[in-house]
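Only one structure is covered here, and it is reproduced in the block below.
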Amino acid sequence: MPTQVAVQPPTVVLFCSDPKAISPQYQRYLLKAFREELNFGEVPVKLYLRQREHGDTRDEIEAKK
């Protein structure tokens, strides 16, 4: 679940079960996708990976019906 926490520069925190499992290549892919989808262009975007807290019961991304 990504959360934008700042705007200058745009900063996104991605909560995941195991941040170490997300490779640097995949992190670059995510940053590129954020830039394209959010129209940031060439603006640098910061990405922080945080482990979900134990007991976090939020659902995974739900499929649109």
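Chain lettering (A, B, ...) mirrors the order of the structure tokens, residue numbering begins at 1 for each chain separately, and ligand numbering begins at 1 in order of display.
Proximity to Leu49 in chain A at 12 Å, evaluated using only C-alpha atoms and with sequence-adjacent residues fewer than 2 positions away removed, yields Met1, Pro2, Thr3, Thr11, Val12, Val13, Leu14, Phe15, Cys16, Ser17, Asp18, Pro19, Lys20, Ala21, Ile22, Ser23, Pro24, Tyr26, Gln27, Leu30, Lys46, Leu47, Gln51 and Arg52 of chain A.
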Excluding Phe40 in chain A and residues on its chain fewer than 6 positions from it, collect all residues at most 12 Å away from it, counting only C-alpha atoms, and give them as a short mmCIF file (atom, residue, chain, number, x, y, z; two decimals) with C-alpha atoms, in the first residue's frame.
```
data_model
loop_
_atom_site.label_atom_id
_atom_site.label_comp_id
_atom_site.auth_asym_id
_atom_site.auth_seq_id
_atom_site.Cartn_x
_atom_site.Cartn_y
_atom_site.Cartn_z
CA VAL A 7 5.46 16.85 -2.05
CA GLN A 8 8.84 18.58 -2.37
CA PRO A 9 10.34 16.26 -3.45
CA PRO A 10 7.49 13.79 -3.95
CA THR A 11 8.01 11.06 -1.36
CA LEU A 31 9.55 4.88 -9.31
CA LYS A 32 9.14 5.05 -13.08
CA ALA A 33 5.51 3.94 -12.79
CA PHE A 34 4.81 6.59 -10.11
CA LYS A 46 11.86 9.36 -3.10
#
```
